[in-house]
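Raw entry_11.csv, CSV, C-alpha atoms and all ligand atoms:
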```
chain,number,residue,atom,x,y,z
N,1,MET,CA,19.2,13.6,25.7
N,2,SER,CA,21.2,10.8,24.0
N,3,THR,CA,23.2,11.7,20.8
N,4,THR,CA,23.8,8.1,20.0
N,5,ASN,CA,23.5,7.5,16.2
N,6,VAL,CA,20.7,5.3,15.0
N,7,SER,CA,21.5,2.9,12.1
N,8,PRO,CA,23.0,4.9,9.3
N,9,THR,CA,21.6,2.5,6.6
N,10,MET,CA,19.0,4.9,5.2
N,11,SER,CA,20.5,8.2,6.3
N,12,HIS,CA,22.1,9.1,2.9
N,13,ARG,CA,19.6,7.7,0.5
N,14,LYS,CA,18.8,9.7,-2.7
N,15,LYS,CA,16.0,12.2,-2.5
N,16,VAL,CA,12.6,10.7,-3.6
N,17,THR,CA,10.9,12.8,-6.3
N,18,THR,CA,7.7,12.7,-8.3
N,19,LEU,CA,9.8,10.9,-11.0
N,20,THR,CA,10.7,8.2,-8.5
N,21,PHE,CA,6.9,7.7,-8.0
N,22,ARG,CA,6.4,7.2,-11.7
N,23,GLN,CA,9.4,4.9,-12.1
N,24,LYS,CA,8.1,2.8,-9.1
N,25,LYS,CA,4.7,2.4,-10.8
N,26,GLU,CA,6.4,1.4,-14.1
N,27,ARG,CA,8.5,-1.2,-12.3
N,28,GLY,CA,5.6,-2.5,-10.3
N,29,GLU,CA,7.3,-1.5,-7.0
N,30,ALA,CA,5.0,-0.5,-4.1
N,31,ILE,CA,5.3,3.2,-3.0
N,32,THR,CA,5.3,3.7,0.8
N,33,MET,CA,3.8,6.8,2.5
N,34,LEU,CA,3.0,7.7,6.0
N,35,THR,CA,1.8,10.9,7.7
N,36,ALA,CA,4.0,12.9,10.1
N,37,TYR,CA,3.4,16.2,11.9
N,38,ASP,CA,6.6,16.7,13.9
N,39,TYR,CA,10.4,16.5,13.7
N,40,PRO,CA,11.2,13.3,15.6
N,41,THR,CA,8.6,11.2,13.9
N,42,ALA,CA,9.7,12.5,10.5
N,43,LEU,CA,13.3,11.8,11.3
N,44,ALA,CA,12.6,8.2,12.4
N,45,MET,CA,10.4,7.6,9.3
N,46,ASP,CA,12.9,9.0,6.9
N,47,LYS,CA,15.7,6.9,8.4
N,48,ALA,CA,13.4,3.8,8.1
N,49,GLY,CA,13.3,4.6,4.3
N,50,VAL,CA,9.7,5.6,3.7
N,51,ASP,CA,9.2,7.0,0.1
N,52,SER,CA,7.0,9.9,1.1
N,53,ILE,CA,5.7,11.8,4.1
N,54,LEU,CA,2.3,13.5,4.1
N,55,VAL,CA,1.8,16.3,6.5
N,56,GLY,CA,-1.9,15.4,6.5
N,57,ASP,CA,-4.7,17.6,7.7
N,58,SER,CA,-5.5,14.6,9.9
N,59,LEU,CA,-3.3,16.7,12.2
N,60,ALA,CA,-6.6,18.3,13.2
N,61,MET,CA,-7.9,15.1,14.7
N,62,VAL,CA,-4.9,13.0,15.8
N,63,VAL,CA,-2.7,15.8,17.1
N,64,LEU,CA,-5.0,18.8,17.9
N,65,GLY,CA,-8.0,16.8,19.1
N,66,TYR,CA,-10.7,18.1,16.8
N,67,GLU,CA,-13.7,16.0,15.8
N,68,ASN,CA,-12.9,16.3,12.1
N,69,THR,CA,-10.3,17.9,9.8
N,70,LEU,CA,-12.2,21.1,9.1
N,71,PRO,CA,-10.8,23.4,11.7
N,72,VAL,CA,-7.1,23.2,10.9
N,73,THR,CA,-5.7,26.4,9.3
N,74,MET,CA,-2.9,27.1,6.8
N,75,ASP,CA,-0.7,28.6,9.5
N,76,GLU,CA,-1.1,25.5,11.7
N,77,MET,CA,-0.3,23.2,8.7
N,78,LEU,CA,2.8,25.3,7.9
N,79,HIS,CA,4.0,25.2,11.5
N,80,HIS,CA,4.0,21.4,11.4
N,81,ALA,CA,5.2,21.1,7.8
N,82,ARG,CA,8.4,23.1,8.8
N,83,ALA,CA,9.0,20.7,11.7
N,84,VAL,CA,8.7,17.7,9.4
N,85,SER,CA,10.9,19.2,6.8
N,86,ARG,CA,13.7,19.7,9.4
N,87,GLY,CA,13.5,16.0,10.2
N,88,ALA,CA,13.2,14.3,6.8
N,89,LYS,CA,15.7,15.0,4.1
N,90,SER,CA,15.1,12.1,1.6
N,91,ALA,CA,11.4,11.3,1.5
N,92,LEU,CA,9.1,13.3,-0.9
N,93,LEU,CA,7.3,15.7,1.4
N,94,VAL,CA,3.6,16.5,0.7
N,95,GLY,CA,1.7,19.2,2.4
N,96,ASP,CA,-2.1,18.6,2.7
N,97,MET,CA,-4.0,21.7,1.7
N,98,PRO,CA,-6.5,22.4,4.5
N,99,PHE,CA,-10.3,23.1,4.2
N,100,MET,CA,-10.9,26.5,2.6
N,101,SER,CA,-7.3,27.0,1.5
N,102,TYR,CA,-8.2,26.1,-2.2
N,103,GLN,CA,-12.0,26.0,-2.5
N,104,VAL,CA,-12.7,29.7,-2.6
N,105,SER,CA,-10.7,30.8,-5.7
N,106,VAL,CA,-8.0,29.5,-8.0
N,107,GLU,CA,-5.8,32.4,-6.9
N,108,ASP,CA,-6.1,31.4,-3.3
N,109,ALA,CA,-5.3,27.8,-4.2
N,110,VAL,CA,-2.1,28.7,-6.1
N,111,ARG,CA,-1.0,31.2,-3.3
N,112,ASN,CA,-1.6,28.6,-0.5
N,113,ALA,CA,0.1,25.8,-2.5
N,114,GLY,CA,3.1,28.1,-3.0
N,115,ARG,CA,3.3,28.7,0.8
N,116,PHE,CA,3.7,25.0,1.4
N,117,LEU,CA,6.9,25.1,-0.7
N,118,GLN,CA,8.2,28.5,0.2
N,119,GLN,CA,7.4,28.5,3.9
N,120,GLY,CA,6.7,24.9,4.8
N,121,GLY,CA,9.7,23.2,3.1
N,122,MET,CA,7.3,20.8,1.2
N,123,ASP,CA,8.0,19.3,-2.2
N,124,ALA,CA,4.4,18.9,-3.3
N,125,VAL,CA,0.8,19.5,-2.1
N,126,LYS,CA,-2.3,17.3,-1.9
N,127,LEU,CA,-5.9,18.5,-2.3
N,128,GLU,CA,-9.2,16.7,-2.2
N,129,GLY,CA,-11.8,16.4,-4.9
N,130,GLY,CA,-12.3,15.6,-8.6
N,131,ARG,CA,-13.9,17.5,-11.5
N,132,GLU,CA,-15.0,20.4,-9.2
N,133,ARG,CA,-11.3,21.1,-8.3
N,134,VAL,CA,-9.7,20.7,-11.7
N,135,ASP,CA,-9.2,24.4,-12.4
N,136,ALA,CA,-7.3,24.8,-9.1
N,137,VAL,CA,-5.2,21.6,-9.9
N,138,ARG,CA,-4.3,22.9,-13.4
N,139,ALA,CA,-3.3,26.4,-12.1
N,140,ILE,CA,-1.2,24.9,-9.3
N,141,VAL,CA,0.5,22.5,-11.6
N,142,SER,CA,1.2,25.3,-14.1
N,143,ALA,CA,2.9,27.2,-11.3
N,144,GLY,CA,5.4,24.4,-11.1
N,145,ILE,CA,4.0,22.8,-8.0
N,146,PRO,CA,3.4,19.0,-8.0
N,147,VAL,CA,-0.1,18.1,-6.9
N,148,MET,CA,-1.4,14.8,-5.4
N,149,GLY,CA,-5.1,14.2,-5.9
N,150,HIS,CA,-7.4,12.6,-3.3
N,151,LEU,CA,-10.7,10.8,-4.2
N,152,GLY,CA,-13.1,8.5,-2.5
N,153,LEU,CA,-13.6,9.3,1.2
N,154,THR,CA,-12.6,12.9,1.2
N,155,PRO,CA,-12.7,13.9,4.9
N,156,GLN,CA,-13.1,17.7,4.2
N,157,SER,CA,-16.5,16.8,2.7
N,158,VAL,CA,-17.6,14.7,5.7
N,159,ASN,CA,-20.8,16.8,6.2
N,160,GLN,CA,-21.7,16.3,2.6
N,161,LEU,CA,-20.9,12.6,2.6
N,162,GLY,CA,-23.0,12.0,5.8
N,163,GLY,CA,-20.0,10.8,7.9
N,164,PHE,CA,-16.7,9.0,7.4
N,165,ARG,CA,-18.1,6.2,5.1
N,166,ALA,CA,-16.7,4.2,2.2
N,167,GLN,CA,-17.3,5.6,-1.3
N,168,GLY,CA,-17.8,4.2,-4.8
N,169,LYS,CA,-19.9,1.2,-3.7
N,170,THR,CA,-22.6,1.5,-6.4
N,171,ALA,CA,-22.0,1.2,-10.2
N,172,SER,CA,-22.8,4.9,-10.8
N,173,ALA,CA,-20.6,6.1,-7.9
N,174,ALA,CA,-17.8,3.9,-9.1
N,175,LYS,CA,-18.1,5.2,-12.7
N,176,ARG,CA,-18.0,8.8,-11.4
N,177,LEU,CA,-14.9,8.0,-9.4
N,178,LEU,CA,-13.1,6.5,-12.4
N,179,GLU,CA,-14.1,9.6,-14.5
N,180,ASP,CA,-12.7,11.9,-11.7
N,181,ALA,CA,-9.5,9.9,-11.6
N,182,ARG,CA,-9.1,10.3,-15.4
N,183,ILE,CA,-9.8,14.0,-15.2
N,184,LEU,CA,-7.2,14.5,-12.5
N,185,ASP,CA,-4.7,12.4,-14.4
N,186,GLU,CA,-5.2,14.6,-17.5
N,187,ALA,CA,-5.0,17.8,-15.4
N,188,GLY,CA,-1.4,16.8,-14.4
N,189,VAL,CA,-1.5,15.4,-10.8
N,190,PHE,CA,1.6,13.2,-10.2
N,191,SER,CA,-0.3,10.7,-8.0
N,192,LEU,CA,-3.7,10.1,-6.5
N,193,VAL,CA,-4.8,9.0,-3.1
N,194,LEU,CA,-7.8,6.6,-3.1
N,195,GLU,CA,-9.4,6.5,0.3
N,196,SER,CA,-12.0,3.9,1.5
N,197,VAL,CA,-13.2,2.6,-1.9
N,198,PRO,CA,-13.8,-1.0,-2.9
N,199,ALA,CA,-10.5,-2.9,-3.5
N,200,ARG,CA,-11.6,-4.1,-7.0
N,201,LEU,CA,-12.5,-0.5,-8.0
N,202,ALA,CA,-9.2,0.9,-6.7
N,203,GLU,CA,-7.3,-1.8,-8.7
N,204,TYR,CA,-9.3,-1.1,-11.8
N,205,ILE,CA,-8.6,2.7,-11.5
N,206,SER,CA,-4.9,2.1,-10.9
N,207,ARG,CA,-4.7,0.1,-14.2
N,208,GLN,CA,-6.6,2.8,-16.1
N,209,ILE,CA,-4.6,5.8,-15.2
N,210,SER,CA,-1.0,6.7,-15.9
N,211,ILE,CA,-0.1,8.0,-12.5
N,212,PRO,CA,0.5,6.0,-9.3
N,213,THR,CA,-2.4,5.5,-6.9
N,214,ILE,CA,-1.8,5.5,-3.2
N,215,GLY,CA,-4.5,3.6,-1.3
N,216,ILE,CA,-5.8,4.0,2.2
N,217,GLY,CA,-8.5,1.4,2.8
N,218,ALA,CA,-8.5,0.7,-0.9
N,219,GLY,CA,-6.9,-2.7,-1.0
N,220,PRO,CA,-3.6,-4.1,-2.4
N,221,GLY,CA,-4.3,-3.3,-6.0
N,222,CYS,CA,-3.1,0.3,-5.6
N,223,ASP,CA,0.5,1.3,-6.6
N,224,GLY,CA,1.3,2.4,-3.0
N,225,GLN,CA,-0.1,2.6,0.5
N,226,VAL,CA,-0.5,5.4,3.0
N,227,LEU,CA,-1.7,5.3,6.6
N,228,VAL,CA,-2.1,7.8,9.4
N,229,THR,CA,0.9,7.3,11.6
N,230,HIS,CA,-1.1,7.8,14.9
N,231,ASP,CA,-3.2,4.8,13.8
N,232,VAL,CA,-0.2,2.7,12.9
N,233,LEU,CA,1.4,3.4,16.3
N,234,GLY,CA,-1.7,3.1,18.3
N,235,LEU,CA,-1.4,6.7,19.4
N,236,PHE,CA,-5.0,7.7,18.5
N,237,GLU,CA,-7.3,6.0,20.9
N,238,ARG,CA,-10.7,7.5,19.9
N,239,PHE,CA,-11.3,5.0,17.0
N,240,THR,CA,-9.2,2.9,14.6
N,241,PRO,CA,-10.6,2.4,11.1
N,242,LYS,CA,-11.0,-1.2,9.9
N,243,PHE,CA,-8.4,-0.9,7.2
N,244,VAL,CA,-5.6,0.1,9.6
N,245,LYS,CA,-2.9,-2.4,10.6
N,246,GLN,CA,-1.6,-1.4,14.0
N,247,TYR,CA,2.1,-2.0,14.5
N,248,ALA,CA,2.4,-0.8,18.1
N,249,ASN,CA,0.4,0.5,21.0
N,250,PHE,CA,2.1,3.7,22.0
N,251,HIS,CA,-0.9,5.0,23.8
N,252,ALA,CA,-0.7,2.1,26.2
N,253,GLU,CA,3.1,2.4,26.4
N,254,MET,CA,2.9,6.2,27.1
N,255,ASN,CA,0.2,5.6,29.7
N,256,LYS,CA,2.4,3.0,31.5
N,257,ALA,CA,5.5,5.3,31.3
N,258,PHE,CA,3.6,8.2,32.8
N,259,MET,CA,2.2,6.1,35.6
N,260,ASP,CA,5.7,4.7,36.3
N,261,TYR,CA,7.1,8.2,36.5
N,262,ILE,CA,4.3,9.4,38.9
N,263,ASP,CA,4.9,6.4,41.0
N,264,ASP,CA,8.7,7.0,41.1
N,265,VAL,CA,8.4,10.6,42.0
N,266,GLU,CA,5.7,10.0,44.7
N,267,SER,CA,7.8,7.1,46.2
N,268,LYS,CA,11.0,9.2,45.9
N,269,ARG,CA,12.8,6.6,43.7
N,270,PHE,CA,13.3,9.5,41.2
N,271,PRO,CA,15.6,11.4,41.0
N,272,ALA,CA,18.3,8.9,42.0
N,273,VAL,CA,22.0,9.5,42.5
N,274,GLU,CA,22.7,9.0,38.8
N,275,HIS,CA,20.3,11.8,37.9
N,276,ILE,CA,21.8,14.6,40.0
N,277,VAL,CA,24.6,17.2,39.6
N,278,GLU,CA,27.1,17.6,42.5
N,279,MET,CA,29.6,20.2,43.6
N,280,THR,CA,32.9,19.5,45.3
N,281,ASP,CA,33.0,19.5,49.2
N,282,ASP,CA,35.4,22.4,49.1
N,283,GLU,CA,33.0,24.6,47.0
N,284,TRP,CA,30.2,23.5,49.3
N,285,SER,CA,32.1,24.5,52.4
N,286,SER,CA,33.0,27.9,50.9
N,287,PHE,CA,29.4,28.4,50.0
N,288,LEU,CA,28.2,27.7,53.5
N,289,LYS,CA,30.8,30.1,54.9
N,290,GLU,CA,29.7,32.8,52.6
N,291,VAL,CA,26.0,32.5,53.4
N,292,LYS,CA,26.4,32.3,57.2
N,301,LIG,O1,-4.8,13.9,6.2
N,301,LIG,C1,-4.4,12.8,6.0
N,301,LIG,O2,-3.8,12.2,6.8
N,301,LIG,C2,-4.8,12.2,4.7
N,301,LIG,C3,-4.5,10.7,4.5
N,301,LIG,C4,-5.6,10.0,5.2
N,301,LIG,C5,-4.4,10.3,3.1
N,301,LIG,O3,-5.3,12.8,3.8
```
Mind turning this structure into structure tokens?
Ligand code: KIV
Amino acid sequence: MSTTNVSPTMSHRKKVTTLTFRQKKERGEAITMLTAYDYPTALAMDKAGVDSILVGDSLAMVVLGYENTLPVTMDEMLHHARAVSRGAKSALLVGDMPFMSYQVSVEDAVRNAGRFLQQGGMDAVKLEGGRERVDAVRAIVSAGIPVMGHLGLTPQSVNQLGGFRAQGKTASAAKRLLEDARILDEAGVFSLVLESVPARLAEYISRQISIPTIGIGAGPGCDGQVLVTHDVLGLFERFTPKFVKQYANFHAEMNKAFMDYIDDVESKRFPAVEHIVEMTDDEWSSFLKEVK
């Protein structure tokens, strides 16, 4: 394994906090966020200078191979959160509260949010939903834990929404979304993810509330953007949402690397002389004498 240093440009930047988020909104500077689930990805992202890393429950689909986000558990989320926190020292780290970790009771919600900070090394948590989650949001915030909201396409409600489909497309649905955004703002969330909602609605909401909005499939009028890293890197081959910009095709790269490796081993090109450990001729002769 190489220990060569990558560019030190971003390695000692100041820790990003919820205050940084607010200041960026005030200054009209875009907030950058990506998901990560492991140490090396978090390290590379943090060095690149991303503002925030979300340990998303998208883990269930893009890393663990489930059909949707519902099966992932608190313990699995914490396992990945810890790995990310070992890799990223500057970005604001947000742990995504998994399905059933905050819906059953407010007490559960506070306890599980606390676990993300105490056991997962996170700085904040994210949870899905509007007015129906406001009691949980208030209780977590009053325990001193920063909360990020999530409205629009909320994947944990996929069965209720009838699939992964855009939200807020009718006047009444748009009005309800705006109301929910205001309710969450008043309840004390420090920021709000808007997923798969019409761009003009996302821009309108962003202007109407005091906290920064982070869009995913919600257009350029949000105060920041987030994407699922496996979509960005072309690592998740099952489907790619329309709103994703793919910056690499790592699935194809991996596939090629694995085929090259198999070919090298089968044709005995690997290992070559530069990959092996040797012993001196003297030691070898002694060895042969001893074993004869
Ligand atoms: O789990 C996740 O990755 C998310 C993002 C899509 C915002 O919630």
Q.
How would you report the residues lying within 9 Å of ligand LIG 301 (chain N), as number ranges by chain, if you count all atoms listed in the file?
A. N: 33-36, 54-60, 69, 96, 98, 126-128, 150, 153-155, 193-195, 214-216, 226-229
Could the residues in this selection be written to a file with C-alpha atoms, as an mmCIF file, in the coordinates of the input?
```
data_model
loop_
_atom_site.group_PDB
_atom_site.id
_atom_site.type_symbol
_atom_site.label_atom_id
_atom_site.label_comp_id
_atom_site.auth_asym_id
_atom_site.auth_seq_id
_atom_site.Cartn_x
_atom_site.Cartn_y
_atom_site.Cartn_z
ATOM 1 C CA MET N 33 3.800 6.800 2.500
ATOM 2 C CA LEU N 34 3.000 7.700 6.000
ATOM 3 C CA THR N 35 1.800 10.900 7.700
ATOM 4 C CA ALA N 36 4.000 12.900 10.100
ATOM 5 C CA LEU N 54 2.300 13.500 4.100
ATOM 6 C CA VAL N 55 1.800 16.300 6.500
ATOM 7 C CA GLY N 56 -1.900 15.400 6.500
ATOM 8 C CA ASP N 57 -4.700 17.600 7.700
ATOM 9 C CA SER N 58 -5.500 14.600 9.900
ATOM 10 C CA LEU N 59 -3.300 16.700 12.200
ATOM 11 C CA ALA N 60 -6.600 18.300 13.200
ATOM 12 C CA THR N 69 -10.300 17.900 9.800
ATOM 13 C CA ASP N 96 -2.100 18.600 2.700
ATOM 14 C CA PRO N 98 -6.500 22.400 4.500
ATOM 15 C CA LYS N 126 -2.300 17.300 -1.900
ATOM 16 C CA LEU N 127 -5.900 18.500 -2.300
ATOM 17 C CA GLU N 128 -9.200 16.700 -2.200
ATOM 18 C CA HIS N 150 -7.400 12.600 -3.300
ATOM 19 C CA LEU N 153 -13.600 9.300 1.200
ATOM 20 C CA THR N 154 -12.600 12.900 1.200
ATOM 21 C CA PRO N 155 -12.700 13.900 4.900
ATOM 22 C CA VAL N 193 -4.800 9.000 -3.100
ATOM 23 C CA LEU N 194 -7.800 6.600 -3.100
ATOM 24 C CA GLU N 195 -9.400 6.500 0.300
ATOM 25 C CA ILE N 214 -1.800 5.500 -3.200
ATOM 26 C CA GLY N 215 -4.500 3.600 -1.300
ATOM 27 C CA ILE N 216 -5.800 4.000 2.200
ATOM 28 C CA VAL N 226 -0.500 5.400 3.000
ATOM 29 C CA LEU N 227 -1.700 5.300 6.600
ATOM 30 C CA VAL N 228 -2.100 7.800 9.400
ATOM 31 C CA THR N 229 0.900 7.300 11.600
#
```
**Q.** Computed interatomic separation between atom CA of Thr32 of chain N and atom CA of Gly163 of chain N (Å)
**A.**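 Result for atom CA of Thr32 of chain N versus atom CA of Gly163 of chain N: 27.2 Å, one decimal.
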**Q.** Selection near Arg131 of chain N, 12 Å with only C-alpha atoms, sequence-local residues under 2 positions removed, as a VMD selection string
**A.** chain N and resid 128 to 129 133 to 138 149 to 151 176 to 187
Go ahead and write the selection's residues with C-alpha atoms as a short mmCIF file (atom, residue, chain, number, x, y, z; two decimals), in the frame of the given file.
```
data_model
loop_
_atom_site.label_atom_id
_atom_site.label_comp_id
_atom_site.auth_asym_id
_atom_site.auth_seq_id
_atom_site.Cartn_x
_atom_site.Cartn_y
_atom_site.Cartn_z
CA GLU N 128 -9.20 16.70 -2.20
CA GLY N 129 -11.80 16.40 -4.90
CA ARG N 133 -11.30 21.10 -8.30
CA VAL N 134 -9.70 20.70 -11.70
CA ASP N 135 -9.20 24.40 -12.40
CA ALA N 136 -7.30 24.80 -9.10
CA VAL N 137 -5.20 21.60 -9.90
CA ARG N 138 -4.30 22.90 -13.40
CA GLY N 149 -5.10 14.20 -5.90
CA HIS N 150 -7.40 12.60 -3.30
CA LEU N 151 -10.70 10.80 -4.20
CA ARG N 176 -18.00 8.80 -11.40
CA LEU N 177 -14.90 8.00 -9.40
CA LEU N 178 -13.10 6.50 -12.40
CA GLU N 179 -14.10 9.60 -14.50
CA ASP N 180 -12.70 11.90 -11.70
CA ALA N 181 -9.50 9.90 -11.60
CA ARG N 182 -9.10 10.30 -15.40
CA ILE N 183 -9.80 14.00 -15.20
CA LEU N 184 -7.20 14.50 -12.50
CA ASP N 185 -4.70 12.40 -14.40
CA GLU N 186 -5.20 14.60 -17.50
CA ALA N 187 -5.00 17.80 -15.40
#
```
Q: Skip Val16 of chain N itself and residues of its chain fewer than 3 positions away, then list as a ChimeraX atom specification all residues within 6 Å of it, counting only C-alpha atoms.
A: /N:20,90-92
Okay, now the selection with C-alpha atoms, as a PDB file, in the frame of the given file?
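Final file, again_37.pdb:
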```pdb
ATOM      1  CA  THR N  20      10.700   8.200  -8.500  1.00  0.00           C
ATOM      2  CA  SER N  90      15.100  12.100   1.600  1.00  0.00           C
ATOM      3  CA  ALA N  91      11.400  11.300   1.500  1.00  0.00           C
ATOM      4  CA  LEU N  92       9.100  13.300  -0.900  1.00  0.00           C
TER       5      LEU N  92
END
```
Q | atom CA of Thr18 of chain N to atom CA of Gln208 of chain N, straight-line distance in Å | A |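 Result for atom CA of Gln208 of chain N versus atom CA of Thr18 of chain N: 19.1 Å, one decimal.
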Q. Which of these, N:Asp263, N:Tyr39, N:Leu235, N:Gln119, has the shortest distance to Phe250 of chain N once you count only C-alpha atoms?
A. N:Leu235
**Q.** Residue among N:Glu266, N:Glu76, N:Asp51, N:Glu237 lying closest to Gly224 of chain N, counting all atoms listed in the file
**A.**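 Selected residue with least distance to Gly224 of chain N: N:Asp51.
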Q: Excluding Asn249 of chain N and any residue of its chain fewer than 2 positions from it, enumerate the residues within 12 Å of it, using only C-alpha atoms, and give them as an MDAnalysis selection string.
A: chainID N and resid 229:237 240 245:247 251:256
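Remark: for Phe243 of chain N, the closest of the candidate residues N:Val125, N:Ala199, N:Ala88, N:Ala42 is N:Ala199 (distances computed over only C-alpha atoms).
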(Q) Which polymer residues, whether protein, DNA or RNA, lie within 8 Å of the coordinate (9.1, 18.6, 7.0) when you count all atoms listed in the file? List them as an MDAnalysis selection string, using the chain letters and numbers from the file. (A) chainID N and resid 37:39 42 55 80:88 93 120:122
Dump C-alpha atoms for the selected residues as an mmCIF file, keeping the file's coordinate frame?
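Printed below is part_38.cif as written:
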```
data_model
loop_
_atom_site.group_PDB
_atom_site.id
_atom_site.type_symbol
_atom_site.label_atom_id
_atom_site.label_comp_id
_atom_site.auth_asym_id
_atom_site.auth_seq_id
_atom_site.Cartn_x
_atom_site.Cartn_y
_atom_site.Cartn_z
ATOM 1 C CA TYR N 37 3.400 16.200 11.900
ATOM 2 C CA ASP N 38 6.600 16.700 13.900
ATOM 3 C CA TYR N 39 10.400 16.500 13.700
ATOM 4 C CA ALA N 42 9.700 12.500 10.500
ATOM 5 C CA VAL N 55 1.800 16.300 6.500
ATOM 6 C CA HIS N 80 4.000 21.400 11.400
ATOM 7 C CA ALA N 81 5.200 21.100 7.800
ATOM 8 C CA ARG N 82 8.400 23.100 8.800
ATOM 9 C CA ALA N 83 9.000 20.700 11.700
ATOM 10 C CA VAL N 84 8.700 17.700 9.400
ATOM 11 C CA SER N 85 10.900 19.200 6.800
ATOM 12 C CA ARG N 86 13.700 19.700 9.400
ATOM 13 C CA GLY N 87 13.500 16.000 10.200
ATOM 14 C CA ALA N 88 13.200 14.300 6.800
ATOM 15 C CA LEU N 93 7.300 15.700 1.400
ATOM 16 C CA GLY N 120 6.700 24.900 4.800
ATOM 17 C CA GLY N 121 9.700 23.200 3.100
ATOM 18 C CA MET N 122 7.300 20.800 1.200
#
```
**Q.** Pick from N:Ser285, N:Ser101, N:Asn112, N:Gln167, whichever lies nearest to Ser196 of chain N using all atoms listed in the file
**A.**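 The closest residue to Ser196 of chain N is N:Gln167.
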Q. Can you tell me, as a PyMOL selection string, what residues are no more than 12 Å from Asp223 of chain N when counting all atoms listed in the file, ignoring any on the same chain fewer than 3 positions away?
A. chain N and resi 21-33+191-194+202-216+218-220+226
Q: Figure out the distance between atom CA of Gly65 of chain N and atom CA of Leu161 of chain N, please, to one decimal in Å.
A: 21.4 Å
Q: Select, from N:Gly188, N:Gly217, N:Pro146, N:Gly49, the residue with the minimum atom-to-atom distance to Leu201 of chain N, counting all atoms listed in the file.
A: N:Gly217
